[in-house]
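As provided, protein.cif (mmCIF, C-alpha atoms and all ligand atoms) reads as follows.
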data_input
loop_
_atom_site.label_atom_id
_atom_site.label_comp_id
_atom_site.auth_asym_id
_atom_site.auth_seq_id
_atom_site.Cartn_x
_atom_site.Cartn_y
_atom_site.Cartn_z
CA MET B 1 10.32 41.78 18.80
CA SER B 2 10.60 40.24 22.22
CA TYR B 3 7.71 38.08 23.38
CA ASN B 4 5.91 38.54 26.64
CA ILE B 5 5.63 34.99 27.92
CA SER B 6 3.38 34.62 30.96
CA ILE B 7 4.32 31.95 33.48
CA THR B 8 2.07 29.86 35.71
CA LYS B 9 4.08 27.60 37.99
CA THR B 10 2.96 24.20 39.16
CA GLN B 11 1.85 23.79 42.77
CA SER B 12 3.10 20.21 42.92
CA SER B 13 6.47 19.47 41.32
CA LYS B 14 7.15 15.85 40.36
CA LEU B 15 10.91 16.35 40.43
CA ASP B 16 11.34 14.33 43.63
CA GLN B 17 9.94 11.27 41.81
CA LEU B 18 12.76 11.32 39.23
CA ASP B 19 15.57 8.79 39.65
CA PHE B 20 18.44 10.74 38.05
CA ASP B 21 20.52 7.56 37.74
CA ASN B 22 17.94 5.76 35.64
CA ILE B 23 16.11 7.87 33.03
CA PRO B 24 15.33 6.04 29.78
CA LEU B 25 14.80 8.48 26.87
CA GLY B 26 11.27 9.81 26.53
CA THR B 27 9.74 8.35 29.67
CA SER B 28 9.77 11.28 32.13
CA PHE B 29 8.52 14.81 31.61
CA THR B 30 9.25 18.02 33.47
CA ASP B 31 6.68 20.04 35.41
CA HIS B 32 5.95 22.65 32.74
CA MET B 33 5.35 23.19 29.03
CA PHE B 34 5.42 26.18 26.73
CA ILE B 35 2.32 26.64 24.58
CA CYS B 36 0.87 29.18 22.18
CA GLU B 37 -1.93 29.07 19.64
CA TYR B 38 -2.03 30.22 16.03
CA LYS B 39 -5.34 31.72 14.97
CA ASP B 40 -6.51 34.67 12.88
CA GLY B 41 -3.15 34.59 11.13
CA GLN B 42 -0.93 35.05 14.20
CA TRP B 43 0.66 33.34 17.18
CA GLN B 44 -1.17 34.32 20.35
CA ASN B 45 -0.89 34.11 24.11
CA PRO B 46 2.58 32.53 24.53
CA ARG B 47 2.78 31.10 28.02
CA ILE B 48 4.28 28.51 30.28
CA GLU B 49 1.91 26.34 32.25
CA PRO B 50 2.04 23.17 34.29
CA LEU B 51 2.33 20.20 31.91
CA ARG B 52 -1.13 18.76 31.30
CA PRO B 53 -3.13 16.89 28.65
CA ILE B 54 -4.33 19.26 25.91
CA PRO B 55 -8.01 18.87 24.89
CA THR B 56 -8.30 17.79 21.24
CA HIS B 57 -11.40 17.92 19.04
CA PRO B 58 -11.97 14.55 17.31
CA ALA B 59 -11.93 16.40 13.98
CA ALA B 60 -8.61 18.15 14.70
CA MET B 61 -6.90 18.14 11.31
CA ALA B 62 -3.56 16.86 12.63
CA LEU B 63 -5.28 13.56 13.48
CA HIS B 64 -6.66 13.07 9.98
CA TYR B 65 -4.38 14.81 7.50
CA GLY B 66 -1.12 14.68 9.42
CA GLN B 67 -0.22 18.35 9.72
CA ALA B 68 2.17 17.61 12.58
CA ILE B 69 5.88 18.43 12.77
CA PHE B 70 8.47 18.41 15.53
CA GLU B 71 12.02 19.14 16.57
CA GLY B 72 14.46 17.38 18.85
CA MET B 73 17.22 19.12 20.79
CA LYS B 74 18.91 18.96 24.18
CA ALA B 75 19.82 21.27 27.07
CA TYR B 76 22.94 20.62 29.14
CA LYS B 77 24.56 22.17 32.22
CA ASN B 78 28.14 23.39 32.53
CA ALA B 79 30.27 22.96 35.66
CA GLU B 80 28.85 26.22 37.10
CA GLY B 81 25.30 24.90 36.65
CA THR B 82 24.39 27.28 33.79
CA PRO B 83 21.95 25.65 31.34
CA LEU B 84 23.22 25.55 27.75
CA LEU B 85 21.31 25.00 24.49
CA PHE B 86 22.99 23.46 21.43
CA ARG B 87 22.47 25.57 18.26
CA PRO B 88 18.77 26.35 18.94
CA GLU B 89 18.49 28.74 15.99
CA HIS B 90 19.10 25.79 13.65
CA ASN B 91 16.16 23.94 15.16
CA ALA B 92 14.01 27.05 14.70
CA SER B 93 14.90 27.30 11.03
CA ARG B 94 14.44 23.56 10.45
CA LEU B 95 11.00 23.65 12.11
CA ASN B 96 10.07 26.45 9.76
CA LYS B 97 11.32 24.54 6.71
CA SER B 98 9.18 21.60 7.82
CA ALA B 99 6.24 23.96 8.38
CA GLU B 100 6.52 25.38 4.87
CA ARG B 101 6.62 21.91 3.29
CA MET B 102 3.56 20.80 5.27
CA GLY B 103 1.52 23.96 4.57
CA MET B 104 1.72 25.15 8.17
CA PRO B 105 2.53 28.61 9.59
CA THR B 106 6.11 29.40 10.55
CA VAL B 107 7.14 30.28 14.12
CA PRO B 108 9.24 33.46 14.56
CA GLU B 109 12.77 32.42 15.62
CA GLU B 110 12.59 34.72 18.62
CA LEU B 111 9.37 33.13 19.87
CA PHE B 112 10.89 29.67 19.42
CA VAL B 113 14.14 30.54 21.24
CA ASP B 114 12.48 32.67 23.96
CA GLY B 115 9.99 29.86 24.66
CA LEU B 116 12.83 27.34 24.95
CA LYS B 117 14.86 29.58 27.22
CA GLU B 118 11.95 30.36 29.55
CA LEU B 119 11.02 26.69 29.84
CA VAL B 120 14.60 25.54 30.43
CA ALA B 121 15.16 28.33 32.97
CA LEU B 122 12.03 27.33 34.90
CA ASP B 123 12.68 23.55 34.76
CA HIS B 124 16.50 23.75 34.99
CA ALA B 125 16.58 21.49 38.05
CA TRP B 126 15.42 18.67 35.73
CA ILE B 127 18.65 18.81 33.67
CA PRO B 128 20.45 15.67 34.80
CA PRO B 129 23.97 16.48 36.02
CA GLN B 130 25.33 13.00 35.16
CA GLN B 131 27.81 12.87 32.31
CA GLY B 132 26.10 11.92 29.05
CA SER B 133 22.64 12.86 30.37
CA ALA B 134 20.66 15.87 29.17
CA LEU B 135 17.24 17.48 29.07
CA TYR B 136 15.69 16.44 25.74
CA LEU B 137 13.51 19.25 24.37
CA ARG B 138 10.65 18.56 22.04
CA PRO B 139 9.17 21.62 20.25
CA PHE B 140 6.24 20.60 18.03
CA MET B 141 3.35 22.03 16.08
CA TYR B 142 0.08 20.46 15.02
CA ALA B 143 -3.18 21.46 13.37
CA THR B 144 -6.01 21.93 15.86
CA GLU B 145 -8.83 23.13 13.61
CA ALA B 146 -11.88 20.86 13.64
CA PHE B 147 -12.61 20.32 9.94
CA ILE B 148 -13.15 17.47 7.52
CA GLY B 149 -11.66 18.25 4.12
CA MET B 150 -8.35 18.67 2.38
CA ARG B 151 -6.78 22.06 2.91
CA ALA B 152 -4.37 23.68 5.32
CA ALA B 153 -5.81 24.13 8.80
CA THR B 154 -6.36 27.66 10.08
CA SER B 155 -5.46 26.97 13.71
CA TYR B 156 -2.44 25.28 15.30
CA ASN B 157 -0.75 24.71 18.65
CA PHE B 158 2.99 25.21 19.07
CA VAL B 159 4.18 23.44 22.20
CA ILE B 160 7.56 22.76 23.79
CA MET B 161 7.90 20.00 26.34
CA ALA B 162 11.00 18.73 28.09
CA SER B 163 12.04 15.25 29.04
CA PRO B 164 15.17 14.37 31.02
CA SER B 165 17.17 11.53 29.51
CA GLY B 166 20.00 9.40 30.81
CA PRO B 167 23.25 8.61 29.01
CA TYR B 168 23.12 6.62 25.80
CA PHE B 169 25.80 3.94 25.88
CA SER B 170 26.53 3.28 22.26
CA LYS B 171 27.33 -0.24 21.22
CA HIS B 172 28.18 -0.92 17.59
CA ILE B 173 24.92 -1.46 15.72
CA ARG B 174 23.86 -3.61 12.76
CA LEU B 175 21.80 -2.11 9.92
CA TRP B 176 19.39 -3.69 7.49
CA ALA B 177 19.58 -2.15 3.98
CA GLU B 178 15.89 -1.93 3.13
CA LYS B 179 14.75 -2.65 -0.44
CA GLN B 180 11.05 -3.39 0.09
CA PHE B 181 9.97 -0.24 1.94
CA ILE B 182 11.18 3.32 1.39
CA ARG B 183 11.40 6.35 3.68
CA ALA B 184 11.39 9.21 1.20
CA ALA B 185 10.85 9.77 -2.50
CA GLU B 186 12.02 12.65 -4.68
CA GLY B 187 9.62 15.55 -4.20
CA GLY B 188 8.18 13.98 -1.03
CA THR B 189 8.49 15.06 2.59
CA GLY B 190 11.80 13.34 3.44
CA GLU B 191 13.66 16.43 4.59
CA ALA B 192 10.76 17.64 6.74
CA LYS B 193 10.68 16.52 10.36
CA ALA B 194 7.06 15.50 9.87
CA ALA B 195 5.29 12.99 12.13
CA GLY B 196 4.16 10.92 9.13
CA ASN B 197 7.75 10.16 8.11
CA TYR B 198 8.26 8.50 11.47
CA ALA B 199 4.95 6.61 11.33
CA ALA B 200 5.90 5.11 7.96
CA ALA B 201 9.23 3.90 9.39
CA ILE B 202 7.75 1.99 12.32
CA ARG B 203 6.72 -1.24 10.54
CA PRO B 204 9.92 -1.61 8.45
CA THR B 205 11.97 -1.02 11.61
CA GLU B 206 10.02 -3.72 13.47
CA LEU B 207 10.66 -6.16 10.62
CA ALA B 208 14.39 -5.32 10.56
CA LYS B 209 14.56 -5.86 14.33
CA ALA B 210 12.80 -9.22 13.96
CA LYS B 211 15.63 -10.20 11.58
CA GLY B 212 18.16 -9.30 14.29
CA TYR B 213 19.16 -5.81 13.12
CA ASP B 214 19.10 -2.59 15.16
CA GLN B 215 18.01 -0.05 12.53
CA VAL B 216 16.97 0.31 8.91
CA LEU B 217 19.35 1.73 6.33
CA TRP B 218 17.08 3.68 3.99
CA LEU B 219 17.73 3.57 0.25
CA ASP B 220 16.27 5.80 -2.46
CA ALA B 221 12.73 5.17 -3.67
CA ALA B 222 13.38 4.87 -7.40
CA GLU B 223 16.32 2.44 -7.64
CA HIS B 224 16.94 1.20 -4.07
CA LYS B 225 20.55 2.02 -4.67
CA TYR B 226 21.44 5.38 -3.10
CA ILE B 227 21.85 5.61 0.67
CA GLN B 228 19.69 8.22 2.42
CA GLU B 229 19.62 7.82 6.22
CA VAL B 230 19.82 5.27 9.00
CA GLY B 231 16.81 4.83 11.29
CA THR B 232 16.17 8.37 12.52
CA MET B 233 19.76 9.51 11.93
CA ASN B 234 22.06 10.81 9.20
CA ILE B 235 24.93 8.56 8.16
CA PHE B 236 28.67 8.98 7.56
CA PHE B 237 31.26 6.59 6.06
CA LYS B 238 35.03 6.80 6.36
CA ILE B 239 36.60 5.43 3.19
CA ASN B 240 40.30 5.65 2.46
CA GLY B 241 40.83 8.34 5.09
CA ASN B 242 38.01 10.64 3.88
CA PHE B 243 34.44 11.01 5.13
CA ILE B 244 31.42 10.88 2.87
CA THR B 245 27.79 11.53 3.75
CA PRO B 246 24.69 11.62 1.54
CA GLU B 247 24.05 15.08 0.09
CA LEU B 248 20.92 16.99 1.19
CA ASP B 249 18.84 16.24 -1.89
CA GLY B 250 15.37 16.87 -0.44
CA SER B 251 14.90 13.35 0.94
CA VAL B 252 17.45 13.59 3.73
CA LEU B 253 16.87 15.31 7.09
CA HIS B 254 19.03 18.41 7.65
CA GLY B 255 20.57 17.02 10.82
CA ILE B 256 22.07 19.58 13.19
CA THR B 257 24.37 16.90 14.60
CA ARG B 258 25.22 16.06 10.95
CA LEU B 259 26.15 19.69 10.28
CA SER B 260 28.21 19.92 13.47
CA VAL B 261 30.05 16.65 12.76
CA ILE B 262 30.96 17.91 9.27
CA GLU B 263 32.34 21.14 10.78
CA LEU B 264 34.22 19.22 13.47
CA LEU B 265 35.74 16.68 11.07
CA LYS B 266 36.89 19.48 8.76
CA SER B 267 38.50 21.28 11.70
CA MET B 268 40.35 18.03 12.48
CA GLY B 269 41.83 18.08 8.97
CA TYR B 270 39.55 15.52 7.32
CA GLN B 271 37.98 15.95 3.95
CA VAL B 272 34.18 15.58 4.15
CA ILE B 273 32.35 15.03 0.88
CA GLU B 274 28.58 15.43 0.60
CA ARG B 275 27.43 13.45 -2.43
CA LYS B 276 25.33 10.54 -3.63
CA ILE B 277 26.58 7.22 -2.25
CA THR B 278 25.43 3.82 -3.49
CA ILE B 279 25.15 0.74 -1.33
CA ASP B 280 27.26 -1.08 -3.97
CA GLU B 281 30.08 1.39 -3.41
CA ILE B 282 30.00 0.64 0.32
CA ARG B 283 29.99 -3.11 -0.35
CA GLU B 284 32.98 -2.68 -2.69
CA ALA B 285 34.87 -0.55 -0.12
CA SER B 286 34.24 -3.23 2.51
CA ARG B 287 35.53 -5.95 0.17
CA ASN B 288 38.69 -4.08 -0.79
CA GLY B 289 39.44 -3.01 2.79
CA THR B 290 39.00 0.76 2.33
CA LEU B 291 35.80 1.05 4.43
CA GLU B 292 37.20 2.15 7.79
CA GLU B 293 34.25 3.44 9.82
CA ALA B 294 30.54 4.18 9.58
CA PHE B 295 28.26 5.96 12.04
CA GLY B 296 24.85 7.56 12.41
CA THR B 297 24.29 11.03 13.87
CA GLY B 298 21.16 12.38 15.58
CA THR B 299 20.04 14.42 18.56
CA ALA B 300 18.64 11.63 20.70
CA VAL B 301 21.56 9.25 20.28
CA GLY B 302 24.42 11.60 19.40
CA ILE B 303 26.66 9.23 17.44
CA ALA B 304 25.84 5.55 16.84
CA TYR B 305 28.72 3.41 15.60
CA ILE B 306 27.94 0.90 12.86
CA LYS B 307 29.65 -2.48 12.61
CA GLU B 308 27.81 -4.18 9.74
CA ILE B 309 25.07 -3.85 7.16
CA GLY B 310 22.79 -6.68 6.06
CA LEU B 311 21.94 -6.49 2.36
CA GLU B 312 19.65 -9.16 0.92
CA ASN B 313 21.61 -12.38 1.46
CA GLU B 314 24.98 -10.95 2.40
CA THR B 315 26.66 -8.93 5.14
CA ILE B 316 28.77 -5.86 4.54
CA HIS B 317 31.37 -5.71 7.30
CA VAL B 318 32.36 -2.25 8.49
CA SER B 319 34.36 -2.28 11.71
CA GLU B 320 34.11 -3.21 15.37
CA GLU B 321 36.05 -0.04 16.23
CA SER B 322 35.38 3.58 15.26
CA PRO B 323 38.26 5.66 16.64
CA VAL B 324 37.54 8.87 14.74
CA ALA B 325 33.81 8.69 15.43
CA VAL B 326 34.55 8.16 19.13
CA GLU B 327 36.86 11.21 19.13
CA VAL B 328 34.20 13.31 17.40
CA ASN B 329 31.56 12.13 19.86
CA ASP B 330 33.76 12.90 22.87
CA THR B 331 34.60 16.37 21.51
CA LEU B 332 30.96 17.17 20.77
CA ASN B 333 29.91 16.05 24.25
CA ALA B 334 32.68 18.08 25.89
CA ILE B 335 31.63 21.24 23.98
CA LYS B 336 27.99 20.70 24.97
CA ILE B 337 28.76 20.70 28.71
CA GLY B 338 31.32 23.52 28.48
CA LYS B 339 34.20 21.19 29.38
CA ILE B 340 36.25 22.43 26.44
CA ASP B 341 36.27 25.73 24.62
CA ASP B 342 33.18 26.34 22.47
CA ARG B 343 35.36 27.30 19.53
CA PHE B 344 32.48 27.18 17.03
CA SER B 345 30.14 29.33 19.20
CA TRP B 346 27.53 26.59 19.16
CA MET B 347 26.24 26.96 22.71
CA THR B 348 23.61 29.44 23.93
CA GLU B 349 23.46 30.19 27.65
CA VAL B 350 20.04 30.28 29.26
C1 LIG K 1 16.02 12.81 17.61
O1 LIG K 1 17.09 12.24 17.40
O2 LIG K 1 15.93 13.81 18.32
C2 LIG K 1 14.77 12.35 17.00
O3 LIG K 1 13.96 13.16 16.68
C3 LIG K 1 14.52 10.91 16.86
C4 LIG K 1 13.41 10.49 17.76
C5 LIG K 1 12.80 9.23 17.23
C6 LIG K 1 13.87 10.31 19.18
#

As structure tokens - that is how I would like this structure written.
Ligand code: COI
Amino acid sequence: MSYNISITKTQSSKLDQLDFDNIPLGTSFTDHMFICEYKDGQWQNPRIEPLRPIPTHPAAMALHYGQAIFEGMKAYKNAEGTPLLFRPEHNASRLNKSAERMGMPTVPEELFVDGLKELVALDHAWIPPQQGSALYLRPFMYATEAFIGMRAATSYNFVIMASPSGPYFSKHIRLWAEKQFIRAAEGGTGEAKAAGNYAAAIRPTELAKAKGYDQVLWLDAAEHKYIQEVGTMNIFFKINGNFITPELDGSVLHGITRLSVIELLKSMGYQVIERKITIDEIREASRNGTLEEAFGTGTAVGIAYIKEIGLENETIHVSEESPVAVEVNDTLNAIKIGKIDDRFSWMTEV
């Protein structure tokens, strides 16, 4: 089924107010948004409109019971100026996995991808041409029904907005291995991209930053021993020439950058093992000199290189240099802007 998306264009574009050389992530928004409503058991009236505040009833269930999920992805431009999306069907399926976990309706993949394409086509002039810049896309869904009580809402909005973002210059970051607070417990919502997961991470992240660290390294809820994620990213370690990353056990986000990095590393001849990893194992590898690199992967940042991990009263040293991670990052970025062959067929033209 192809969706008939109606389009109302803005009369007053804000594009001329954008300084393309200085766009911090998440601070500017394009002229339009995609929106459709779920009611009576189906998605209705998909359309693109000028970006505007959306009226919200004070009893909207998203505000009280947290039925709110989102996605993060980016659009790029190739040398010919054609907008490109990175693996959008994976974002559609992850949104729907999140929706199922949170008792929300799923969005047909075609509606998700058509909505993205129409919005990116209309606001393509907002895709920053500078190397390393992109148009961050934020599809999200939240419960709109006005109701006080514990059950799934019967009405929702699905919205896509777009926000140009400048290049992220990655310095090597320091992590704080968190043993007081947890991000996700077995059987919880860890693998869902649910707003509440991010809310619960805000205070521990502030505390880690106050101690001089950049991000939290999340450990498992039961034993504070197994590594899950870093900040809002997945994590990889290079030990003795091989890469390891925590397995997707229900508490780890199914990162699309994570998946792509695994595929890329394998194509470069590396072994990539998805399994449980303890913080003690990483400390031991650092001590015996086999811990070669560590890095986080996520949409917003791409790849964030890790130089050390604070753990209670000690510091686990990783590395000030991450040559393989840098190569992976450069290759990924080159594929995304069509500079090298898209040998994995990851890119979708708009
Ligand atoms: C992303 O990497 O896209 C995220 O969703 C993280 C967000 C906090 C910017």

Report as CSV the residues of chain B within 10 Å of ligand LIG 1 (chain K), each with its shortest atom pair and distance in Å (one decimal), using only C-alpha atoms and all ligand atoms, ordered by chain and increasing residue number.
residue,atom,partner,partner_atom,distance
B:Leu25,CA,K:LIG1,C6,8.0
B:Gly26,CA,K:LIG1,C6,7.8
B:Phe70,CA,K:LIG1,O3,7.7
B:Glu71,CA,K:LIG1,O3,6.3
B:Gly72,CA,K:LIG1,O2,3.9
B:Met73,CA,K:LIG1,O2,6.0
B:Lys74,CA,K:LIG1,O2,8.4
B:Tyr136,CA,K:LIG1,O2,7.9
B:Leu137,CA,K:LIG1,O2,8.5
B:Arg138,CA,K:LIG1,O2,8.0
B:Lys193,CA,K:LIG1,O3,7.9
B:Ala194,CA,K:LIG1,O3,10.0
B:Ala195,CA,K:LIG1,O3,9.8
B:Tyr198,CA,K:LIG1,C5,7.4
B:Gly231,CA,K:LIG1,C5,8.4
B:Thr232,CA,K:LIG1,C3,5.3
B:Met233,CA,K:LIG1,O1,6.7
B:Asn234,CA,K:LIG1,O1,9.7
B:Gly255,CA,K:LIG1,O1,8.8
B:Ile256,CA,K:LIG1,O1,9.8
B:Thr257,CA,K:LIG1,O1,9.1
B:Thr297,CA,K:LIG1,O1,8.1
B:Gly298,CA,K:LIG1,O1,4.5
B:Thr299,CA,K:LIG1,O1,3.8
B:Ala300,CA,K:LIG1,O1,3.7
B:Val301,CA,K:LIG1,O1,6.1
B:Gly302,CA,K:LIG1,O1,7.6

Would you mind listing, for every residue of range 74-156 of chain B within 12 Å of range 178-188 of chain B, the two atoms forming the shortest contact and the distance between them in Å to one decimal, using only C-alpha atoms, sorted by chain and ascending residue number, as CSV?
residue,atom,partner,partner_atom,distance
B:Ser98,CA,B:Gly188,CA,11.7
B:Arg101,CA,B:Gly188,CA,9.2
B:Met102,CA,B:Gly188,CA,10.4

For this session: Find the distance between CA of Ala146 in chain B and CA of Pro58 in chain B and write it in Å to one decimal.
Result: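 One can read the CA of Ala146 in chain B to CA of Pro58 in chain B distance as 7.3 Å.
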
Problem set entry | Close residues, Asp40 in chain B itself excluded, 12 Å, all atoms listed in the file, min 6 positions apart in chain, as a list in words |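 In the requested form, the answer reads Pro105, Glu145, Ala153, Thr154, Ser155 and Tyr156 of chain B.
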
For this session: With a distance cut-off of 12 Å and all atoms listed in the file, select the neighbouring residues of Ala143 in chain B, excluding the residue or stretch itself and same-chain residues fewer than 3 positions from it, and output the selection as a PyMOL selection string.
Result: chain B and resi 37-39+56-69+99+102-105+140+146-147+151-159

Determine the axis-aligned bounding box of all atoms of range 177-191 of chain B present in the file, pad each side by 4 Å, and express its centre and edge lengths in Å to one decimal place as AutoDock Vina command-line options.
--center_x 13.9 --center_y 6.5 --center_z 0.0 --size_x 19.4 --size_y 27.8 --size_z 17.3

Exercise. For His254 in chain B, which residue out of B:Val272, B:Ile235, B:Ala201, B:Leu217 is the nearest one, using only C-alpha atoms?
Worked result: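 Checking each of B:Val272, B:Ile235, B:Ala201, B:Leu217 against His254 in chain B, counting only C-alpha atoms, the winner is B:Ile235.
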
For this session: Find the residues near Thr290 in chain B: any atom within 12 Å, counting only C-alpha atoms, skip ones fewer than 4 places away on the same chain, and give them as a PyMOL selection string.
Result: chain B and resi 237-243+281-286+294+317-319

For this session: Give me, please, the distance in Å between CA of Phe295 in chain B and CA of Leu219 in chain B, quoted to one decimal.
Result: 16.0 Å

For this session: Between B:Leu311, B:Leu18, B:Val324, B:Ile227, single out the one closest to Lys276 in chain B, counting all atoms listed in the file.
Result: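 Closest candidate: B:Ile227.
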
Each range 79-158 of chain B residue no farther than 12 Å from range 333-338 of chain B, nearest pair in Å, all atoms listed in the file, as CSV:
residue,atom,partner,partner_atom,distance
B:Ala79,CA,B:Gly338,CA,7.3
B:Glu80,CA,B:Gly338,CA,9.4
B:Gly81,CA,B:Ile337,CA,9.6
B:Thr82,CA,B:Ile337,CA,9.4
B:Pro83,CA,B:Ile337,CA,8.8
B:Leu84,CA,B:Lys336,CA,7.3
B:Leu85,CA,B:Lys336,CA,8.0
B:Phe86,CA,B:Lys336,CA,6.7
B:Arg87,CA,B:Lys336,CA,10.0
B:Ile127,CA,B:Ile337,CA,11.4
B:Pro128,CA,B:Ile337,CA,11.5
B:Pro129,CA,B:Ile337,CA,9.7
B:Gln130,CA,B:Ile337,CA,10.6
B:Gln131,CA,B:Ile337,CA,8.7
B:Gly132,CA,B:Asn333,CA,7.4
B:Ser133,CA,B:Asn333,CA,10.0
B:Ala134,CA,B:Ile337,CA,9.4
B:Leu135,CA,B:Lys336,CA,11.9

For this session: Find the residues near range 5-9 of chain B: any atom within 9 Å, counting only C-alpha atoms, skip ones fewer than 3 places away on the same chain, and give them as a PyMOL selection string.
Result: chain B and resi 12+31-32+34+45-50+114-115+118+122

Exercise. Excluding same-chain residues fewer than 4 positions from Leu207 in chain B, what lies within 12 Å of it counting only C-alpha atoms, as a VMD selection string?
Worked result: chain B and resid 175 to 178 180 to 181 201 to 203 211 to 216

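Distances here use all atoms listed in the file; by that measure, the residue among B:Ala200, B:Leu264, B:Leu119, B:Ala162 closest to Thr27 in chain B is B:Ala162.
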
For this session: Pick out the closest residue to Ile54 in chain B from this set: B:Ala210, B:Glu293, B:Tyr142, B:Lys97. Count only C-alpha atoms.
Result: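 Of the candidates, the smallest distance to Ile54 in chain B is held by B:Tyr142.
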
For this session: Give the answer as one residue: which of B:Tyr3, B:Tyr270, B:Tyr305, B:Tyr226 has the shortest atom-to-atom distance to Glu110 in chain B, using all atoms listed in the file?
Result: B:Tyr3
